[in-house]
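Participant: Got a structure for you, written out below as structure tokens; questions coming shortly.
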Amino acid sequence: MTVSYLKKAPRRAVSDATETRETVQKILTEIEAGGEPAALDYAAKFDRYDGNVVLTRDEIDAAAASLDQRVKDDIRFAHDNVRRFAEAQLKTVGDFQTEIRPGLTLGQKAIPCRAAGCYAPGGRYSHVASALMTVTTARVAGCGHVSVCSPPRPGVGVHPAIVYTADLCGADQILALGGVQGIAAMAFGLFGMPAADILVGPGNQFVAEAKRLLFGRVGIDMFAGPTDSMVLADATADPEIVAADLVGQAEHGYNSPVWLVTDHRPLAEAVMARVPELIAALPPVNAENAAAAWRDYAEVILCDSREEIAAISDSYAPEHLTVQAADLDWWLGRLSCYGSLFLGEETTVAFGDKAAGTNHVLPTSGAARYTGGLSVHKYLKLVTWQRATRDGARPIAEATARISRLEGMEGHARTADIRLAKYFPDLSFDLGADPAAVQGSAKVSA
């Protein structure tokens, strides 16, 4: 495989999280011990907001009234797409039962989490779409209670569009609480909320670390790092669109990697020339983020063939993967490691991020090698059950007893022995042990 880097990233999106971890652990410990007063103390310190923490119905209605109708129509359009896709996902998993052997029935049951806590960022950017993606899927999955926390702005509160969106999507409670204190409130069940069974939604490194530290005690959607995006392109791609798509994702943050992989050098060179110009045309904050991401984390990789391109893509396992190349069906069949796939120039990552219907909470930092993104499935527990007749239990008990003794687990074996002795008192069984070893719990053939 002949691969060359026309642009190599001097940095990787990996950092020492020790200081962040210690800070977050301290906050979580203090809020768990101190409850709501401790959470309010941290809210005053970090959010600098003294309004209601739990939004009232009047405050929610006022937020909706403050928005232009076009904004509300757009949010409703996006919500409808996200909901319909989530409902289609839900149909792919359900309850079933099957008779594995005569008299032995096994089954699966999909049970939604009782309470979900959703985080909607509201710092540098007000992530209306995050409320769409997290609350809608929790509701479609059937979660009994859905809470939303979003950081308020000093003297203003939570962005009205986030409030409107969370309410539209079915949130039971909306809290003006950001950062670690918001995550802690949902995890520990403060301010009238039930303790969350699962925490979902993107956030800064402190939010991500809080979820990581709480994982196991509660479920989380995934461990999140800086967002990343890759474009795969051939000679048929439009360099202007490729460049725009890379810049559009680089604006997420200074450490958000973007990668172009192509087998066409003229395209690569055209894109590399155009990207700085597109970045310079952005608003100041967006341009600053995109420029840093392009300078420090972006790569442009030149390959000899589309198979090499696909192999590189799978090795990076990008969060967002765009294909602007001929024969899209080949790419759909070949590619295997990505959070979400965007086929053809007629779609783009921003469509998935905002309004198309697929979820934008996706695996980062190569995690797409082993997991997908947020979906209704994340809120469901797929549990199993079994039922047997006595005749159906007989061969299972015999095998269980022998396997248990092979492993040295005599207590396990005897739970099978005792059933055989009760159900079939006139029969003898070869249960893999000397009759004296089972102390009369079942008749065992020598």
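Every chain in the structure tokens takes a letter, A first, then B, and so on in the order presented; its residues are numbered from 1, and the ligands are numbered from 1 following the presented order.
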With 12 Å as the cut-off and only C-alpha atoms counted, what is the closest atom pair between each nearby residue of segment 325-402 of chain A and segment 232-254 of chain A? Distances in Å to one decimal, ordered by chain and number, as CSV.

Facilitator:
residue,atom,partner,partner_atom,distance
A:Ala325,CA,A:Asp234,CA,5.1
A:Ala326,CA,A:Thr236,CA,6.7
A:Asp327,CA,A:Thr236,CA,10.5
A:Leu328,CA,A:Ala233,CA,11.0
A:Trp331,CA,A:Leu232,CA,9.7
A:Leu335,CA,A:Leu232,CA,10.9
A:Leu341,CA,A:Leu232,CA,10.8
A:Phe342,CA,A:Leu232,CA,10.2
A:Leu343,CA,A:Leu232,CA,9.8
A:Gly344,CA,A:Ala237,CA,9.0
A:Glu345,CA,A:Ile241,CA,7.5
A:Glu346,CA,A:Ile241,CA,10.1
A:Thr347,CA,A:Asp245,CA,10.3
A:Thr348,CA,A:Asp245,CA,7.2
A:Val349,CA,A:Asp245,CA,7.6
A:Ala350,CA,A:Gly248,CA,7.8
A:Phe351,CA,A:Asp245,CA,11.1
A:Asp353,CA,A:Gln249,CA,10.3

Participant: Give me a file of those residues, with N, CA, C and O atoms, as a PDB file, in the first residue's frame.

Facilitator:
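What landed in part.pdb:
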ATOM      1  N   ALA A 325     -17.422  10.333  -4.007  1.00  0.00           N
ATOM      2  CA  ALA A 325     -16.702   9.505  -4.975  1.00  0.00           C
ATOM      3  C   ALA A 325     -17.713   8.724  -5.795  1.00  0.00           C
ATOM      4  O   ALA A 325     -18.888   8.615  -5.434  1.00  0.00           O
ATOM      5  N   ALA A 326     -17.244   8.156  -6.883  1.00  0.00           N
ATOM      6  CA  ALA A 326     -18.098   7.348  -7.745  1.00  0.00           C
ATOM      7  C   ALA A 326     -18.418   6.022  -7.063  1.00  0.00           C
ATOM      8  O   ALA A 326     -17.702   5.568  -6.167  1.00  0.00           O
ATOM      9  N   ASP A 327     -19.519   5.386  -7.511  1.00  0.00           N
ATOM     10  CA  ASP A 327     -19.904   4.047  -7.072  1.00  0.00           C
ATOM     11  C   ASP A 327     -20.163   4.013  -5.571  1.00  0.00           C
ATOM     12  O   ASP A 327     -19.520   3.274  -4.807  1.00  0.00           O
ATOM     13  N   LEU A 328     -21.138   4.781  -5.124  1.00  0.00           N
ATOM     14  CA  LEU A 328     -21.417   4.900  -3.694  1.00  0.00           C
ATOM     15  C   LEU A 328     -21.811   3.570  -3.061  1.00  0.00           C
ATOM     16  O   LEU A 328     -21.524   3.337  -1.871  1.00  0.00           O
ATOM     17  N   TRP A 331     -18.785   1.769  -1.718  1.00  0.00           N
ATOM     18  CA  TRP A 331     -18.292   2.334  -0.458  1.00  0.00           C
ATOM     19  C   TRP A 331     -19.198   1.914   0.703  1.00  0.00           C
ATOM     20  O   TRP A 331     -18.695   1.583   1.785  1.00  0.00           O
ATOM     21  N   LEU A 335     -16.962  -0.049   3.583  1.00  0.00           N
ATOM     22  CA  LEU A 335     -16.557   0.644   4.803  1.00  0.00           C
ATOM     23  C   LEU A 335     -17.210   0.017   6.037  1.00  0.00           C
ATOM     24  O   LEU A 335     -18.385  -0.363   6.007  1.00  0.00           O
ATOM     25  N   LEU A 341     -22.330   7.685   8.355  1.00  0.00           N
ATOM     26  CA  LEU A 341     -21.809   7.726   6.987  1.00  0.00           C
ATOM     27  C   LEU A 341     -22.682   8.620   6.115  1.00  0.00           C
ATOM     28  O   LEU A 341     -23.913   8.517   6.140  1.00  0.00           O
ATOM     29  N   PHE A 342     -22.035   9.474   5.334  1.00  0.00           N
ATOM     30  CA  PHE A 342     -22.726  10.433   4.467  1.00  0.00           C
ATOM     31  C   PHE A 342     -22.273  10.175   3.034  1.00  0.00           C
ATOM     32  O   PHE A 342     -21.130  10.455   2.671  1.00  0.00           O
ATOM     33  N   LEU A 343     -23.160   9.643   2.225  1.00  0.00           N
ATOM     34  CA  LEU A 343     -22.821   9.159   0.891  1.00  0.00           C
ATOM     35  C   LEU A 343     -23.219  10.161  -0.182  1.00  0.00           C
ATOM     36  O   LEU A 343     -24.400  10.452  -0.369  1.00  0.00           O
ATOM     37  N   GLY A 344     -22.229  10.704  -0.885  1.00  0.00           N
ATOM     38  CA  GLY A 344     -22.490  11.626  -1.980  1.00  0.00           C
ATOM     39  C   GLY A 344     -22.513  13.070  -1.526  1.00  0.00           C
ATOM     40  O   GLY A 344     -22.771  13.376  -0.361  1.00  0.00           O
ATOM     41  N   GLU A 345     -22.254  13.989  -2.474  1.00  0.00           N
ATOM     42  CA  GLU A 345     -22.197  15.408  -2.103  1.00  0.00           C
ATOM     43  C   GLU A 345     -23.563  15.977  -1.781  1.00  0.00           C
ATOM     44  O   GLU A 345     -23.674  17.073  -1.228  1.00  0.00           O
ATOM     45  N   GLU A 346     -24.630  15.223  -2.093  1.00  0.00           N
ATOM     46  CA  GLU A 346     -25.976  15.719  -1.817  1.00  0.00           C
ATOM     47  C   GLU A 346     -26.332  15.670  -0.335  1.00  0.00           C
ATOM     48  O   GLU A 346     -27.375  16.193   0.085  1.00  0.00           O
ATOM     49  N   THR A 347     -25.498  15.034   0.458  1.00  0.00           N
ATOM     50  CA  THR A 347     -25.683  15.066   1.903  1.00  0.00           C
ATOM     51  C   THR A 347     -24.358  15.465   2.553  1.00  0.00           C
ATOM     52  O   THR A 347     -23.309  15.428   1.921  1.00  0.00           O
ATOM     53  N   THR A 348     -24.427  15.867   3.802  1.00  0.00           N
ATOM     54  CA  THR A 348     -23.225  16.333   4.492  1.00  0.00           C
ATOM     55  C   THR A 348     -23.395  16.150   5.986  1.00  0.00           C
ATOM     56  O   THR A 348     -24.521  15.956   6.478  1.00  0.00           O
ATOM     57  N   VAL A 349     -22.299  16.224   6.720  1.00  0.00           N
ATOM     58  CA  VAL A 349     -22.343  15.991   8.158  1.00  0.00           C
ATOM     59  C   VAL A 349     -23.309  16.947   8.843  1.00  0.00           C
ATOM     60  O   VAL A 349     -24.043  16.553   9.759  1.00  0.00           O
ATOM     61  N   ALA A 350     -23.339  18.181   8.413  1.00  0.00           N
ATOM     62  CA  ALA A 350     -24.235  19.152   9.045  1.00  0.00           C
ATOM     63  C   ALA A 350     -25.695  18.730   8.943  1.00  0.00           C
ATOM     64  O   ALA A 350     -26.492  19.017   9.846  1.00  0.00           O
ATOM     65  N   PHE A 351     -26.073  18.042   7.843  1.00  0.00           N
ATOM     66  CA  PHE A 351     -27.449  17.543   7.723  1.00  0.00           C
ATOM     67  C   PHE A 351     -27.754  16.578   8.873  1.00  0.00           C
ATOM     68  O   PHE A 351     -28.808  16.648   9.499  1.00  0.00           O
ATOM     69  N   ASP A 353     -26.088  16.377  11.681  1.00  0.00           N
ATOM     70  CA  ASP A 353     -25.958  17.087  12.949  1.00  0.00           C
ATOM     71  C   ASP A 353     -27.239  17.799  13.349  1.00  0.00           C
ATOM     72  O   ASP A 353     -27.531  17.942  14.542  1.00  0.00           O
TER      73      ASP A 353
END

Participant: Within 9 Å of Glu209 of chain A, counting only C-alpha atoms, which residues qualify if same-chain residues fewer than 6 places away don't, as a PyMOL selection string?

Facilitator: chain A and resi 17+20-21+24-25+180+223-224

Participant: Fewer than 4 positions away in the same chain doesn't count, so skip those; otherwise give me all residues within 12 Å of His127 of chain A, counting only C-alpha atoms, as an NGL selection string.

Facilitator: :A and (75 or 119-123 or 131-134 or 149-151 or 158-163 or 165-166 or 201-203 or 252 or 353-354 or 360-361)

Participant: Would you mind telling me which residue in A:Leu55, A:Leu190, A:Cys169, A:Val323 lies nearest to Ala39 of chain A when using only C-alpha atoms?

Facilitator: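 The answer is A:Leu190, which sits nearest to Ala39 of chain A.
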
Participant: Which segment 134-230 of chain A residues have any atom within 10 Å of an atom of segment 45-50 of chain A, and for each, what is the nearest pair of atoms with distance in Å to one decimal, counting only C-alpha atoms, rows sorted by chain and number, as a Markdown table?

Facilitator:
| residue | atom | partner | partner_atom | distance |
| --- | --- | --- | --- | --- |
| A:Pro151 | CA | A:Asp47 | CA | 6.6 |
| A:Pro152 | CA | A:Asp47 | CA | 6.3 |
| A:Arg153 | CA | A:Tyr49 | CA | 6.8 |
| A:Pro154 | CA | A:Tyr49 | CA | 4.8 |
| A:Gly155 | CA | A:Tyr49 | CA | 6.1 |
| A:Val156 | CA | A:Tyr49 | CA | 8.0 |
| A:Gly157 | CA | A:Tyr49 | CA | 7.1 |
| A:Val158 | CA | A:Tyr49 | CA | 9.9 |
| A:Ala176 | CA | A:Tyr49 | CA | 8.5 |
| A:Leu177 | CA | A:Asp47 | CA | 7.3 |
| A:Gly178 | CA | A:Asp47 | CA | 6.6 |
| A:Gly179 | CA | A:Phe46 | CA | 8.1 |
| A:Val180 | CA | A:Phe46 | CA | 9.6 |
| A:Gln181 | CA | A:Phe46 | CA | 9.1 |

Participant: Go ahead and save the residues from that selection, with C-alpha atoms, as a JSON list (two decimals), in the first residue's frame.

Facilitator:
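Generated file (result25.json):
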[["chain", "number", "residue", "atom", "x", "y", "z"],
["A", 151, "PRO", "CA", -26.07, 25.73, 31.15],
["A", 152, "PRO", "CA", -27.78, 29.10, 31.64],
["A", 153, "ARG", "CA", -26.21, 32.34, 30.58],
["A", 154, "PRO", "CA", -25.73, 34.96, 33.31],
["A", 155, "GLY", "CA", -28.82, 37.11, 33.65],
["A", 156, "VAL", "CA", -30.52, 35.33, 30.74],
["A", 157, "GLY", "CA", -30.98, 31.65, 31.50],
["A", 158, "VAL", "CA", -31.08, 28.68, 29.15],
["A", 176, "ALA", "CA", -30.92, 25.67, 34.14],
["A", 177, "LEU", "CA", -27.80, 23.90, 35.33],
["A", 178, "GLY", "CA", -24.58, 23.35, 33.41],
["A", 179, "GLY", "CA", -21.33, 21.47, 33.63],
["A", 180, "VAL", "CA", -20.50, 18.89, 36.27],
["A", 181, "GLN", "CA", -23.21, 20.20, 38.58]]
